[in-house]
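Below: one structure, written as structure tokens.
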Amino acid sequence: MVSLLGPSGSGKTTLLRSIAGLIDPDRGTIRLGERVVWSEKSVLPAEKRRIGMVFQDYALWPHMTVAGNLSFGLRARRLAEPEIAARLGHALEVTRLAPYRDRYPSELSGGQQQRVAIARCLAARPALMLFDEPLSNLDAALREDMRIEMMELVRREAATVIYVTHDQAEAMAVSDRIAVMRDGRIAQFDTPRAIYEQPADSFVAGFIGGFSVVPGTVRDGLFSVRGAAADSLSTPGARPGDGMLVVRPEDARPAEARKKHARLAMPKQIESRTGDGERWVFWGGQKN
Amino acid sequence: MVQKFDAAAGGIGASGWALRRLPALARLGGPLAVYAVFALLIGLPLALVLLQAVMPGLFAADGAQALLSAEPLVRTLSSPAVAGSIQHSLELGLLAAFTTTVLGGAFAILVQRCDIPLRGAISLVPWLVFLTPSYLKALAWVLLMSSGGYLAQLGLLPPSLGASFFGLAGLVFVHTLSLFPLAAFIIGSALAGLGAELEDAARLSGAGPLRIWLRVNGPLLAPAIVLSFIATFAEVLSDFGLASTIARMSSFGVLTYGIYAAASDYPVDFPAAGAQALVLLALVLLVVVADRLLRRRADPHLISGRARPARRYQLGAWRWLVFAMALLVAFLALILPLGAIAARALTSTLGHGLEPGNFTLVNLDAALSLDTPANDGLMRSLFYAGLTAIIASTLALLLSARLDRSSAVMRTAVLGLSLGAVAIPGIVLGFGYILVWNRLPGFRDWPFPHYGDGSLLVMGYVAAALPYCLVVILSAIGQLAPSLTDAARLSGVGAIRRLISVTLPLILLSVVTAFLLTFIRTVFELPMSQMLIPQSGPPAPTLILKLFSHDRDGLACAMALAAMAAAGGAAALIWYPLKRIIAFGRPEGIPAASGEPS
């Protein structure tokens with residue numbers, strides 16, 4: 001499971017649709033396995049790439065039942081009826097949709113519609129499955145449940161998936177590898193842990209964790225914050241010169257915990273606060 | 001159970017995919033086909049009309065020569081008759097556009113914003129008026145307003161009013177009643193877009209109803225009002241129905257009839273027809289440009305979240321007065337003209353009016369009996385209309401599906417071409433068809449379609465109907481989520497099957513609507529019918545006008561009545577059951593799936 005993660009307009013969906021063959025890139029090469037599926041000289045059309053996709057809006061054909069949605073592509077590929085029935089049965093079973101096989105998409109809940117979209121993809125047994133922000137149309141509670149269910153299903157079925165999201169928590173939760181995208185380019189491609197612990201640059205650091213990025217200078221293994229009178233921090237192994245200090249929220253402590261850094265004291269007067277119940281951010285001044 | 005996916009099973013590489021090479025020509029094949037259809041049906045005829053205006057000798061019967069000359073333009077424009085026609089067309093267009101916009105706007109506000117009785121039935125009136133051809137309404141008003149007509153017989157028509165009807169006043173009156181639905185549709189749709197929250201905000205700011213209309217709704221509706229003025233002005237300029245009936249009878253020359261007369265009446269004067277067509281096209285082009293500029297500059301962007309339906313005004317006892325006004329419009333625009341046609345179809349002579357002894361079924365019998373000229377004309381028109389509707393809606397569906405996969409630039413270009421083509425006067429297009437298929441080498445001897453044959457008339461009908469069909473079907477396809485066809489593509493479904501199994505079922509009602517609109521329009525289409533009369537016999541519209549001008553108005557009205565019954569009946573028989581079937585097929589009350597056409 002590879003996630004394409006990045007802010008809006010970073011090119012995630014464009015890359016996904018290029019892989020699928022729904023849009024043509026300007027230049028370059030797209031390979032699927034060993035085969036070139038797109039180059040400036042040759043194009044394999046989308047309908048022949050054997051790639052499945054779960055769309056953001058699910059793209060269920062509203063005039064077909066659940067079973068019709070699943071079998072439509074299989075019939076187009078002229079599979080034998082017993083094969084179609086077997087694939088249909090399996091896909092409906094693993095997605096727990098068998099009781100709904102004769103219902104129309106408009107008769108299903110959002111979560112069930114999403115499962116139909118995944119089942120349609122599973123039934124086609126594609127070489128690669130593409131997920132285009134499939135959870136974005138669900139409410140917060142259902143999104144968490146569906147994410148867990150979807151991941152179990154995908155891993156159980158041993159499918160190869162490229163997953164597009166702009167939600168870093170979602171990407172961290174579902175991915176084996178993450179490609180962080182910025183302005184149409186991949187800024188970092190690594191495991192979720194490596195991206196969290198060793199972001200390639202300030203953009204990745206800023207986008208991934210809500211980290212604080214502090215500019216400064218490294219000299220003799222010590223990092224000095226630029227324009228601040230704070231003590232230098234020990235950063236063994238850092239290259240000398242201008243650098244960025246990335247501070248994770250969980251690494252920050254109130255100044256009282258370390259008397260030595262009393263200059264980073266808590267504000268004496270809190271003027272505003274915001275938070276989600278678990279973590280709070282305070283703003284304030286030094287006035288009494 | 002772990003199922004085998006193609007990658008694991010060695011699907012990639014082992015399946016022997018043949019990479020499809022796409023040379024530039026193949027990639028451009030689709031857009032080229034779209035442009036070719038437009039060029040052949042609309043572009044070429046129009047280009048020849050323009051060429052003819054500046055190269056008068058280009059299609060001369062003997063000694064054709066391609067020399068540029070402004071002579072026909074100068075001659076035509078300096079002719080008092082043509083100058084008069086231009087002036088008449090402009091006067092009529094401006095006056096009728098004003099009165100139509102006022103009536104249409106008022107009707108839209110009354111029906112949409114006031115709590116009047118029988119609102120559903122009254123809101124159907126504009127559609128029925130819109131679908132009734134202008135020349136039939138004009139003929140009906142001739143029957144009503146002429147000195148020996150029905151209103152004079154009933155003592156309801158002062159002689160002075162009857163005399164002044166046959167001139168500018170009467171033309172403005174009939175155009176207003178005939179075109180008010182267009183204004184009502186344009187202003188009504190803008191009105192529907194103004195949510196209740198805008199009025200609510202104004203009310204909470206202390207504004208009363210009058211102030212709300214003057215300061216909030218009025219300015220927001222202004223672009224639609226101006227657009228309605230422009231659209232009706234263009235419609236009046238392009239109209240041939242009233243031009244060849246009331247205007248001709250009143251010797252009130254207008255441009256469209258001038259083109260027809262120059263191209264059809266002996267001695268035929270193609271250069272004069274071309275010059276007048278050029279003037280008419282230039283005027284219509286100006287209107288289209290004004291429309292584009294207006295849309296770009298004056299369209300207010302509503303900053304709003306979700307628009308709630310506007311609240312209707314509770315008028316109390318006044319609602320009956322408003323209801324009476326709406327009924328009066330329905331009576332004058334629809335019931336009275338159709339009543340006059342029906343009365344004339346069922347009576348022997350106009351002079352004996354509605355006397356019991358005057359009623360007869362002779363006219364209807366002649367129109368409906370097989371092997372009579374009237375029935376032949378009627379059947380011919382119904383056949384041509386059916387054929388045209390099948391070809392135009394199928395072509396529009398194929399082009400729309402093709403366009404759906406094209407770039408945004410291509411879609412915009414074709415939509416612009418279609419909307420532009422809608423504005424082209426039918427009489428100009430008909431004249432262009434004569435030039436292409438009667439005079440242009442290569443086309444002149446082409447066996448099918450051939451000049452003087454029904455096939456060319458059908459081609460002309462298709463050209464006139466295609467832009468409308470494209471607009472209807474493209475807008476329906478535009479409402480479908482693109483992911484629906486993308487999903488089908490990724491499921492391995494080919495282009496034709498995608499169109500038949502995914503797109504068509506979802507837009508079936510729109511395709512059938514385009515089919516029926518084309519069918520009804522074509523049964524009564526006048527300009528093409530007049531210009532391209534087949535040698536096998538005239539279609540119904542030509543025959544109706546001819547019978548009317550030869551004082552056989554009873555038979556003409558019987559034909560019109562039979563054609564309306566056949567076209568309307570067929571449309572109702574197809575449309576309503578289909579709508580019901582589609583409604584039954586989709587459960588209600590449950591959130592629609594993505595891509596459900598709204």
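Just remember, in the structure tokens the first chain shown is A, the second B, etc., residues are 1-based per chain, and ligands are 1-based in the order shown.
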Contact set, chain A to chain B: 8 Å, only C-alpha atoms, as a PDB file with N, CA and C atoms, in the first residue's frame:
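The resulting result_16.pdb:
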```
ATOM      1  N   ALA A  20      -3.767   5.423 -14.180  1.00  0.00           N
ATOM      2  CA  ALA A  20      -4.953   4.691 -14.634  1.00  0.00           C
ATOM      3  C   ALA A  20      -5.137   4.785 -16.144  1.00  0.00           C
ATOM      4  N   LEU A  22      -6.477   7.614 -17.468  1.00  0.00           N
ATOM      5  CA  LEU A  22      -7.626   8.495 -17.701  1.00  0.00           C
ATOM      6  C   LEU A  22      -7.191   9.856 -18.219  1.00  0.00           C
ATOM      7  N   LEU A  32       4.107  -0.424 -15.725  1.00  0.00           N
ATOM      8  CA  LEU A  32       3.352  -1.256 -14.783  1.00  0.00           C
ATOM      9  C   LEU A  32       4.048  -2.609 -14.809  1.00  0.00           C
ATOM     10  N   GLY A  33       4.752  -2.941 -13.727  1.00  0.00           N
ATOM     11  CA  GLY A  33       5.613  -4.118 -13.797  1.00  0.00           C
ATOM     12  C   GLY A  33       6.728  -3.812 -14.784  1.00  0.00           C
ATOM     13  N   GLU A  34       6.895  -4.683 -15.728  1.00  0.00           N
ATOM     14  CA  GLU A  34       7.959  -4.477 -16.712  1.00  0.00           C
ATOM     15  C   GLU A  34       7.455  -3.787 -17.975  1.00  0.00           C
ATOM     16  N   ARG A  35       6.142  -3.618 -18.072  1.00  0.00           N
ATOM     17  CA  ARG A  35       5.585  -3.130 -19.326  1.00  0.00           C
ATOM     18  C   ARG A  35       5.391  -1.613 -19.305  1.00  0.00           C
ATOM     19  N   VAL A  37       3.238   1.330 -20.102  1.00  0.00           N
ATOM     20  CA  VAL A  37       1.825   1.536 -20.453  1.00  0.00           C
ATOM     21  C   VAL A  37       1.593   2.930 -21.037  1.00  0.00           C
ATOM     22  N   LYS A  41       5.529   7.539 -27.384  1.00  0.00           N
ATOM     23  CA  LYS A  41       5.393   6.783 -28.625  1.00  0.00           C
ATOM     24  C   LYS A  41       4.248   5.782 -28.584  1.00  0.00           C
ATOM     25  N   SER A  42       3.911   5.282 -27.418  1.00  0.00           N
ATOM     26  CA  SER A  42       2.876   4.245 -27.367  1.00  0.00           C
ATOM     27  C   SER A  42       2.007   4.410 -26.126  1.00  0.00           C
ATOM     28  N   VAL A  43       0.742   4.055 -26.303  1.00  0.00           N
ATOM     29  CA  VAL A  43      -0.218   4.221 -25.214  1.00  0.00           C
ATOM     30  C   VAL A  43      -1.056   2.959 -25.097  1.00  0.00           C
ATOM     31  N   LEU A  44      -1.148   2.438 -23.887  1.00  0.00           N
ATOM     32  CA  LEU A  44      -2.093   1.356 -23.656  1.00  0.00           C
ATOM     33  C   LEU A  44      -3.343   1.994 -23.077  1.00  0.00           C
ATOM     34  N   PRO A  45      -4.504   1.869 -23.747  1.00  0.00           N
ATOM     35  CA  PRO A  45      -5.689   2.577 -23.251  1.00  0.00           C
ATOM     36  C   PRO A  45      -6.126   2.078 -21.878  1.00  0.00           C
ATOM     37  N   ALA A  46      -6.822   2.954 -21.167  1.00  0.00           N
ATOM     38  CA  ALA A  46      -7.222   2.656 -19.781  1.00  0.00           C
ATOM     39  C   ALA A  46      -7.975   1.335 -19.681  1.00  0.00           C
ATOM     40  N   GLU A  47      -8.850   1.072 -20.671  1.00  0.00           N
ATOM     41  CA  GLU A  47      -9.686  -0.121 -20.563  1.00  0.00           C
ATOM     42  C   GLU A  47      -8.895  -1.423 -20.709  1.00  0.00           C
ATOM     43  N   LYS A  48      -7.612  -1.301 -21.131  1.00  0.00           N
ATOM     44  CA  LYS A  48      -6.803  -2.518 -21.288  1.00  0.00           C
ATOM     45  C   LYS A  48      -5.682  -2.618 -20.262  1.00  0.00           C
ATOM     46  N   ARG A  49      -5.624  -1.671 -19.321  1.00  0.00           N
ATOM     47  CA  ARG A  49      -4.504  -1.704 -18.370  1.00  0.00           C
ATOM     48  C   ARG A  49      -4.743  -2.660 -17.217  1.00  0.00           C
ATOM     49  N   ARG A  50      -5.993  -3.083 -17.033  1.00  0.00           N
ATOM     50  CA  ARG A  50      -6.363  -3.972 -15.918  1.00  0.00           C
ATOM     51  C   ARG A  50      -6.007  -3.311 -14.576  1.00  0.00           C
ATOM     52  N   ILE A  51      -6.418  -2.064 -14.468  1.00  0.00           N
ATOM     53  CA  ILE A  51      -6.223  -1.335 -13.216  1.00  0.00           C
ATOM     54  C   ILE A  51      -7.615  -1.042 -12.646  1.00  0.00           C
ATOM     55  N   GLY A  52      -7.790  -1.283 -11.345  1.00  0.00           N
ATOM     56  CA  GLY A  52      -9.071  -0.972 -10.721  1.00  0.00           C
ATOM     57  C   GLY A  52      -8.971   0.339  -9.976  1.00  0.00           C
ATOM     58  N   MET A  53     -10.103   0.993  -9.802  1.00  0.00           N
ATOM     59  CA  MET A  53     -10.048   2.279  -9.096  1.00  0.00           C
ATOM     60  C   MET A  53     -11.288   2.453  -8.217  1.00  0.00           C
ATOM     61  N   PHE A  55     -13.259   5.356  -6.696  1.00  0.00           N
ATOM     62  CA  PHE A  55     -13.316   6.807  -6.892  1.00  0.00           C
ATOM     63  C   PHE A  55     -13.763   7.514  -5.625  1.00  0.00           C
ATOM     64  N   ASP A  57     -16.084   9.660  -5.376  1.00  0.00           N
ATOM     65  CA  ASP A  57     -17.552   9.636  -5.272  1.00  0.00           C
ATOM     66  C   ASP A  57     -18.087   8.230  -5.534  1.00  0.00           C
ATOM     67  N   TYR A  58     -17.226   7.253  -5.511  1.00  0.00           N
ATOM     68  CA  TYR A  58     -17.505   5.817  -5.700  1.00  0.00           C
ATOM     69  C   TYR A  58     -17.858   5.459  -7.139  1.00  0.00           C
ATOM     70  N   ALA A  59     -18.474   6.380  -7.904  1.00  0.00           N
ATOM     71  CA  ALA A  59     -18.811   6.147  -9.310  1.00  0.00           C
ATOM     72  C   ALA A  59     -19.606   4.859  -9.501  1.00  0.00           C
ATOM     73  N   LEU A  60     -20.573   4.630  -8.630  1.00  0.00           N
ATOM     74  CA  LEU A  60     -21.434   3.447  -8.826  1.00  0.00           C
ATOM     75  C   LEU A  60     -22.478   3.804  -9.883  1.00  0.00           C
ATOM     76  N   TRP A  61     -22.735   2.886 -10.788  1.00  0.00           N
ATOM     77  CA  TRP A  61     -23.725   3.168 -11.829  1.00  0.00           C
ATOM     78  C   TRP A  61     -25.117   3.075 -11.205  1.00  0.00           C
ATOM     79  N   PRO A  62     -25.818   4.218 -11.127  1.00  0.00           N
ATOM     80  CA  PRO A  62     -27.047   4.249 -10.323  1.00  0.00           C
ATOM     81  C   PRO A  62     -28.185   3.411 -10.892  1.00  0.00           C
ATOM     82  N   HIS A  63     -28.107   3.072 -12.199  1.00  0.00           N
ATOM     83  CA  HIS A  63     -29.199   2.303 -12.809  1.00  0.00           C
ATOM     84  C   HIS A  63     -28.937   0.800 -12.752  1.00  0.00           C
ATOM     85  N   PHE A  72     -20.753  -6.042 -14.380  1.00  0.00           N
ATOM     86  CA  PHE A  72     -20.750  -5.332 -15.675  1.00  0.00           C
ATOM     87  C   PHE A  72     -19.395  -5.435 -16.388  1.00  0.00           C
ATOM     88  N   GLY A  73     -18.329  -5.133 -15.651  1.00  0.00           N
ATOM     89  CA  GLY A  73     -16.993  -5.171 -16.261  1.00  0.00           C
ATOM     90  C   GLY A  73     -16.552  -6.590 -16.601  1.00  0.00           C
ATOM     91  N   LEU A  74     -17.010  -7.544 -15.765  1.00  0.00           N
ATOM     92  CA  LEU A  74     -16.600  -8.941 -16.005  1.00  0.00           C
ATOM     93  C   LEU A  74     -17.233  -9.446 -17.306  1.00  0.00           C
ATOM     94  N   ALA A  76     -18.092  -7.516 -19.782  1.00  0.00           N
ATOM     95  CA  ALA A  76     -17.440  -6.818 -20.898  1.00  0.00           C
ATOM     96  C   ALA A  76     -16.152  -7.538 -21.293  1.00  0.00           C
ATOM     97  N   ARG A  77     -15.542  -8.184 -20.306  1.00  0.00           N
ATOM     98  CA  ARG A  77     -14.304  -8.924 -20.604  1.00  0.00           C
ATOM     99  C   ARG A  77     -14.595 -10.338 -21.065  1.00  0.00           C
ATOM    100  N   PRO A 105     -27.715   1.409  -5.853  1.00  0.00           N
ATOM    101  CA  PRO A 105     -26.829   2.227  -5.014  1.00  0.00           C
ATOM    102  C   PRO A 105     -27.578   3.256  -4.163  1.00  0.00           C
ATOM    103  N   SER A 106     -28.673   3.797  -4.710  1.00  0.00           N
ATOM    104  CA  SER A 106     -29.398   4.822  -3.951  1.00  0.00           C
ATOM    105  C   SER A 106     -30.088   4.239  -2.725  1.00  0.00           C
ATOM    106  N   GLU A 107     -30.158   2.901  -2.649  1.00  0.00           N
ATOM    107  CA  GLU A 107     -30.796   2.275  -1.487  1.00  0.00           C
ATOM    108  C   GLU A 107     -29.773   1.872  -0.421  1.00  0.00           C
ATOM    109  N   ALA A 124     -12.911  -7.536 -10.180  1.00  0.00           N
ATOM    110  CA  ALA A 124     -12.182  -7.446 -11.453  1.00  0.00           C
ATOM    111  C   ALA A 124     -10.771  -8.022 -11.343  1.00  0.00           C
ATOM    112  N   ARG A 125     -10.309  -8.228 -10.103  1.00  0.00           N
ATOM    113  CA  ARG A 125      -8.946  -8.739  -9.848  1.00  0.00           C
ATOM    114  C   ARG A 125      -7.901  -8.014 -10.687  1.00  0.00           C
ATOM    115  N   PRO A 126      -7.771  -6.752 -10.463  1.00  0.00           N
ATOM    116  CA  PRO A 126      -6.828  -5.981 -11.273  1.00  0.00           C
ATOM    117  C   PRO A 126      -5.383  -6.185 -10.794  1.00  0.00           C
ATOM    118  N   ALA A 127      -4.452  -5.763 -11.648  1.00  0.00           N
ATOM    119  CA  ALA A 127      -3.049  -5.834 -11.277  1.00  0.00           C
ATOM    120  C   ALA A 127      -2.738  -4.819 -10.187  1.00  0.00           C
ATOM    121  N   LEU A 128      -3.480  -3.750 -10.208  1.00  0.00           N
ATOM    122  CA  LEU A 128      -3.215  -2.631  -9.297  1.00  0.00           C
ATOM    123  C   LEU A 128      -4.546  -1.966  -8.968  1.00  0.00           C
ATOM    124  N   ARG A 156      -6.004  -8.708   3.398  1.00  0.00           N
ATOM    125  CA  ARG A 156      -6.429 -10.108   3.318  1.00  0.00           C
ATOM    126  C   ARG A 156      -6.431 -10.572   1.854  1.00  0.00           C
ATOM    127  N   GLU A 157      -6.830  -9.665   0.951  1.00  0.00           N
ATOM    128  CA  GLU A 157      -6.914 -10.031  -0.460  1.00  0.00           C
ATOM    129  C   GLU A 157      -5.579  -9.843  -1.174  1.00  0.00           C
ATOM    130  N   ALA A 158      -4.568  -9.393  -0.463  1.00  0.00           N
ATOM    131  CA  ALA A 158      -3.207  -9.235  -1.009  1.00  0.00           C
ATOM    132  C   ALA A 158      -3.185  -8.375  -2.266  1.00  0.00           C
ATOM    133  N   ALA A 159      -3.914  -7.284  -2.196  1.00  0.00           N
ATOM    134  CA  ALA A 159      -3.963  -6.398  -3.367  1.00  0.00           C
ATOM    135  C   ALA A 159      -2.866  -5.345  -3.271  1.00  0.00           C
TER     136      ALA A 159
END
```
Exercise. If you count only C-alpha atoms, which residues fall within 12 Å of Ala140 in chain A, apart from same-chain ones fewer than 5 positions away, as a list in words?
Worked result: Gly111, Leu135, Asp145, Met146, Arg147 and Glu170 of chain A
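With only C-alpha atoms as the atoms that count, the minimum distance from Val161 in chain A to the choices A:Leu92, A:Ile178, A:Leu142, A:Ala200 is reached by A:Ile178.
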Spatial neighbours of Asp176 in chain A, 12 Å, only C-alpha atoms, chain gap at least 2 places, as an MDAnalysis selection string
chainID A and resid 1:4 151 155 160:163 171:174 178:179 189:195
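Contact shell of Thr349 in chain B at 8 Å (only C-alpha atoms; same-chain neighbours under 4 positions omitted): Arg344, Gly353, Asn358 and Gly554 of chain B.
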Query raised in the report: Can you list, as an MDAnalysis selection string, every protein, DNA or RNA residue that comes within 8 Å of range 316-330 of chain B when you count only C-alpha atoms, leaving out same-chain residues fewer than 5 positions away?
Result: chainID B and resid 107 110 114:117 122 125 177 335
